[in-house]
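A.B. asks: The following block contains the structure, expressed as structure tokens.
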Amino acid sequence: MITIFLSLLFYGFGIATAQYKIFPYEFIKSAKKFFIGESDAYTPPRSYYYQHRKSFFDAFGQENYDVVMIGDSITDEAEWEDLFPSLKIANRGISGDTTDGIAERIDSIVSTSANKAFIMVGLNDFQRGDSVDAVFSRYQNIVNALLDNHTTVYIQSTILGGKNASHLNHSITALNEQLKLFTETNSNLIYVDINKNLSHENLLNAKYSSDHIHLNAEGYRAWRESISQYMR
């Protein structure tokens, strides 16, 4: 009986440590990096949804679009042509995706032949423990691939997390600062701070999300307002 109780106690403590990053979370993270290297070097297996969406884009995405939207679930879950009905828009968001996942499927993004590309990604990278420098480096490679295909690239600020995801915001803010500086290196790069409309006191505004990460309809309305001038 005591053994079962102790097992449940340690199991619960382990979950709390990972979920809320309490002691000894940072110690375990440092030890992991020491023995097996940076977590940035590890790429987890792609989900079935990712593989399905990628294969679909590879097979049927060869058309001429006005705009391509690139990102993770926050991009994936929007009906962009409903938001901008006068434009032909390719939605290349995949739920759960990261910068390395986008890099793997860059061909099916470039093949849309879109004149404009809007990209917003990074939160999932930080959720799995990647460093800002690693995410920024992969981000640069994606953007440069788009620029090589004569696409005007709109780098949208990675959306801040809400209260329950606020532990990610230090990394998100640091990434956004690097991305903003990066856009100054090329006239075909434009930085769009969508957090101006979506955030409140350096958090994702609670009225725009029910889970502190994903957007509701009003959140997408605010996002649309941020980029509508660039969609013309």
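Labels used: A, B, ... for chains in the order of the structure tokens, numbers from 1 for residues in each chain, and numbers from 1 for ligands as shown.
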Within 10 Å of segment 195-199 of chain A, counting only C-alpha atoms, which residues show up once you throw out same-chain ones fewer than 5 positions away? Write them as a PyMOL selection string, please.
C.D. replies: chain A and resi 156-162+204-209+215+218-226
A.B. asks: Produce a table with one row for each residue of segment 135-229 of chain A that has an atom at most 12 Å from any atom of segment 67-71 of chain A, each row naming the nearest atom pair and its distance in Å at one decimal; use only C-alpha atoms; arrange rows by chain and rising residue number; format as JSON lines.
C.D. replies:
```
{"residue": "A:Tyr139", "atom": "CA", "partner": "A:Gly71", "partner_atom": "CA", "distance": 11.1}
{"residue": "A:Ile142", "atom": "CA", "partner": "A:Ile70", "partner_atom": "CA", "distance": 10.3}
{"residue": "A:Val143", "atom": "CA", "partner": "A:Ile70", "partner_atom": "CA", "distance": 10.8}
{"residue": "A:Leu146", "atom": "CA", "partner": "A:Val68", "partner_atom": "CA", "distance": 10.7}
{"residue": "A:Thr151", "atom": "CA", "partner": "A:Val67", "partner_atom": "CA", "distance": 9.6}
{"residue": "A:Thr152", "atom": "CA", "partner": "A:Val67", "partner_atom": "CA", "distance": 9.7}
{"residue": "A:Val153", "atom": "CA", "partner": "A:Val68", "partner_atom": "CA", "distance": 9.7}
{"residue": "A:Tyr154", "atom": "CA", "partner": "A:Met69", "partner_atom": "CA", "distance": 9.6}
{"residue": "A:Ile155", "atom": "CA", "partner": "A:Ile70", "partner_atom": "CA", "distance": 9.9}
{"residue": "A:Gln156", "atom": "CA", "partner": "A:Ile70", "partner_atom": "CA", "distance": 10.1}
{"residue": "A:Ser157", "atom": "CA", "partner": "A:Gly71", "partner_atom": "CA", "distance": 11.6}
{"residue": "A:Thr158", "atom": "CA", "partner": "A:Gly71", "partner_atom": "CA", "distance": 9.8}
{"residue": "A:Ile159", "atom": "CA", "partner": "A:Gly71", "partner_atom": "CA", "distance": 11.3}
{"residue": "A:Ile227", "atom": "CA", "partner": "A:Met69", "partner_atom": "CA", "distance": 11.6}
```
A.B. asks: If we count only C-alpha atoms and set the cut-off at 12 Å, which residues sit around Tyr49 of chain A, ignoring sequence neighbours fewer than 6 positions away in its own chain? Please answer as an MDAnalysis selection string.
C.D. replies: chainID A and resid 55:56 72:73 76 93:97
A.B. asks: Out of segment 101-219 of chain A, which residues get strand (DSSP E or B) from DSSP, as a PyMOL selection string?
C.D. replies: chain A and resi 116-120+152-156+189-192+199-200+203-204
A.B. asks: For the residues selected in the previous step, produce a file with N, CA and C atoms as a compact mmCIF listing (two decimals), in the first residue's frame.
C.D. replies:
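Generated output (part-v5.txt):
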```txt
# COMPACT_ATOMS: atom_id res chain seq x y z
N LYS A 116 2.67 37.17 -52.45
CA LYS A 116 2.89 37.58 -51.07
C LYS A 116 2.79 36.37 -50.14
N ALA A 117 3.69 36.31 -49.17
CA ALA A 117 3.66 35.25 -48.17
C ALA A 117 3.60 35.88 -46.78
N PHE A 118 2.64 35.44 -45.97
CA PHE A 118 2.52 35.89 -44.59
C PHE A 118 2.86 34.71 -43.68
N ILE A 119 3.86 34.89 -42.84
CA ILE A 119 4.30 33.79 -41.99
C ILE A 119 4.20 34.18 -40.52
N MET A 120 3.76 33.24 -39.69
CA MET A 120 3.69 33.42 -38.24
C MET A 120 3.86 32.05 -37.59
N THR A 152 7.31 38.52 -51.92
CA THR A 152 7.37 39.52 -50.85
C THR A 152 6.90 38.86 -49.57
N VAL A 153 7.73 38.92 -48.54
CA VAL A 153 7.46 38.18 -47.30
C VAL A 153 7.07 39.14 -46.18
N TYR A 154 5.91 38.85 -45.59
CA TYR A 154 5.43 39.60 -44.44
C TYR A 154 5.62 38.74 -43.20
N ILE A 155 6.60 39.13 -42.39
CA ILE A 155 6.87 38.41 -41.16
C ILE A 155 5.97 38.98 -40.07
N GLN A 156 5.00 38.20 -39.66
CA GLN A 156 4.08 38.63 -38.60
C GLN A 156 4.66 38.24 -37.25
N LEU A 189 11.11 42.38 -47.42
CA LEU A 189 10.69 41.88 -46.12
C LEU A 189 9.94 42.97 -45.36
N ILE A 190 8.78 42.64 -44.85
CA ILE A 190 7.99 43.60 -44.07
C ILE A 190 7.61 42.95 -42.76
N TYR A 191 7.87 43.66 -41.67
CA TYR A 191 7.50 43.17 -40.33
C TYR A 191 6.15 43.75 -39.95
N VAL A 192 5.24 42.89 -39.50
CA VAL A 192 3.91 43.33 -39.09
C VAL A 192 3.69 42.90 -37.64
N SER A 199 -2.76 41.71 -28.22
CA SER A 199 -2.27 41.57 -26.85
C SER A 199 -2.76 42.68 -25.93
N HIS A 200 -2.67 42.39 -24.64
CA HIS A 200 -3.01 43.36 -23.60
C HIS A 200 -2.07 43.12 -22.43
N LEU A 203 0.35 40.14 -22.84
CA LEU A 203 -0.27 38.81 -22.88
C LEU A 203 -1.29 38.81 -24.01
N LEU A 204 -1.55 37.63 -24.57
CA LEU A 204 -2.65 37.50 -25.51
C LEU A 204 -3.94 37.91 -24.79
```
A.B. asks: Which residue gives the smallest distance to Tyr230 of chain A among A:Gly101, A:Leu123, A:Asp66, A:Ile213, with only C-alpha atoms counted?
C.D. replies: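 Closest to Tyr230 of chain A of all the choices is A:Asp66.
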A.B. asks: Considering only C-alpha atoms, can you say which of A:Asp82, A:Asn176, A:Val135, A:Asn64 comes closest to Asn115 of chain A?
C.D. replies: A:Asn64
A.B. asks: Any chance you could list, as a list in words, the residues in segment 141-200 of chain A that come up alpha helix (DSSP H) when DSSP is run on the backbone?
C.D. replies: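 The residues of segment 141-200 of chain A classed as alpha helix (DSSP H) are Asn141, Ile142, Val143, Asn144, Ala145, Leu146, Leu147, Asp148, Asn169, His170, Ser171, Ile172, Thr173, Ala174, Leu175, Asn176, Glu177, Gln178, Leu179, Lys180, Leu181, Phe182, Thr183, Asn195, Lys196, Asn197 and Leu198 of chain A.
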A.B. asks: Emit the selected residues as a short mmCIF file (atom, residue, chain, number, x, y, z; two decimals), in the first residue's frame, including N, CA and C atoms.
C.D. replies:
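Written output follows (selection_36.cif):
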```cif
data_model
loop_
_atom_site.label_atom_id
_atom_site.label_comp_id
_atom_site.auth_asym_id
_atom_site.auth_seq_id
_atom_site.Cartn_x
_atom_site.Cartn_y
_atom_site.Cartn_z
N ASN A 141 16.12 30.73 -42.78
CA ASN A 141 16.22 29.83 -43.92
C ASN A 141 14.91 29.75 -44.69
N ILE A 142 13.80 29.72 -43.96
CA ILE A 142 12.48 29.68 -44.60
C ILE A 142 12.26 30.95 -45.41
N VAL A 143 12.52 32.09 -44.78
CA VAL A 143 12.29 33.38 -45.43
C VAL A 143 13.19 33.54 -46.66
N ASN A 144 14.44 33.14 -46.54
CA ASN A 144 15.36 33.26 -47.67
C ASN A 144 14.91 32.38 -48.84
N ALA A 145 14.34 31.22 -48.56
CA ALA A 145 13.83 30.36 -49.63
C ALA A 145 12.67 31.04 -50.35
N LEU A 146 11.84 31.74 -49.60
CA LEU A 146 10.73 32.48 -50.21
C LEU A 146 11.24 33.65 -51.03
N LEU A 147 12.23 34.37 -50.50
CA LEU A 147 12.80 35.50 -51.23
C LEU A 147 13.47 35.05 -52.52
N ASP A 148 14.08 33.89 -52.49
CA ASP A 148 14.73 33.36 -53.70
C ASP A 148 13.73 33.11 -54.82
N ASN A 169 6.50 33.66 -23.26
CA ASN A 169 6.53 35.01 -23.84
C ASN A 169 7.90 35.67 -23.84
N HIS A 170 8.76 35.30 -22.92
CA HIS A 170 10.12 35.86 -22.94
C HIS A 170 10.82 35.45 -24.24
N SER A 171 10.70 34.17 -24.59
CA SER A 171 11.32 33.69 -25.83
C SER A 171 10.62 34.26 -27.06
N ILE A 172 9.30 34.35 -27.01
CA ILE A 172 8.55 34.90 -28.14
C ILE A 172 8.94 36.36 -28.39
N THR A 173 9.06 37.13 -27.33
CA THR A 173 9.44 38.54 -27.46
C THR A 173 10.84 38.69 -28.02
N ALA A 174 11.76 37.85 -27.55
CA ALA A 174 13.14 37.89 -28.05
C ALA A 174 13.19 37.53 -29.53
N LEU A 175 12.42 36.53 -29.93
CA LEU A 175 12.36 36.15 -31.35
C LEU A 175 11.80 37.29 -32.17
N ASN A 176 10.73 37.90 -31.72
CA ASN A 176 10.13 39.01 -32.47
C ASN A 176 11.10 40.16 -32.66
N GLU A 177 11.91 40.43 -31.66
CA GLU A 177 12.91 41.50 -31.78
C GLU A 177 13.92 41.18 -32.87
N GLN A 178 14.36 39.92 -32.93
CA GLN A 178 15.31 39.51 -33.97
C GLN A 178 14.65 39.55 -35.35
N LEU A 179 13.40 39.13 -35.42
CA LEU A 179 12.70 39.13 -36.70
C LEU A 179 12.51 40.55 -37.23
N LYS A 180 12.20 41.46 -36.34
CA LYS A 180 12.02 42.85 -36.76
C LYS A 180 13.30 43.41 -37.33
N LEU A 181 14.42 43.13 -36.69
CA LEU A 181 15.72 43.59 -37.20
C LEU A 181 16.04 42.93 -38.54
N PHE A 182 15.67 41.67 -38.68
CA PHE A 182 15.93 40.92 -39.91
C PHE A 182 15.22 41.56 -41.10
N THR A 183 14.02 42.07 -40.89
CA THR A 183 13.26 42.66 -42.00
C THR A 183 13.93 43.92 -42.55
N ASN A 195 0.72 41.66 -32.64
CA ASN A 195 0.46 41.68 -31.20
C ASN A 195 -0.12 43.01 -30.74
N LYS A 196 0.08 44.08 -31.53
CA LYS A 196 -0.50 45.37 -31.15
C LYS A 196 -2.01 45.27 -31.00
N ASN A 197 -2.64 44.53 -31.89
CA ASN A 197 -4.09 44.38 -31.83
C ASN A 197 -4.54 43.21 -30.96
N LEU A 198 -3.66 42.22 -30.80
CA LEU A 198 -4.08 40.98 -30.13
C LEU A 198 -3.71 40.90 -28.65
#
```
A.B. asks: Give me, please, the distance in Å between atom CA of Asn216 of chain A and atom CA of Trp80 of chain A, quoted to one decimal.
C.D. replies: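 For atom CA of Asn216 of chain A relative to atom CA of Trp80 of chain A, the distance reads 13.7 Å.
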A.B. asks: In Å, rounded to a single decimal, give me how far atom CA of Gly61 of chain A is from atom CA of Ser111 of chain A.
C.D. replies: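 Atom CA of Gly61 of chain A lies 6.9 Å from atom CA of Ser111 of chain A.
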A.B. asks: For Lys88 of chain A, which residue among A:Glu184, A:Glu63, A:Asp211, A:Asp125 is the nearest when counting only C-alpha atoms?
C.D. replies: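 That would be A:Glu63, the residue with the smallest distance to Lys88 of chain A.
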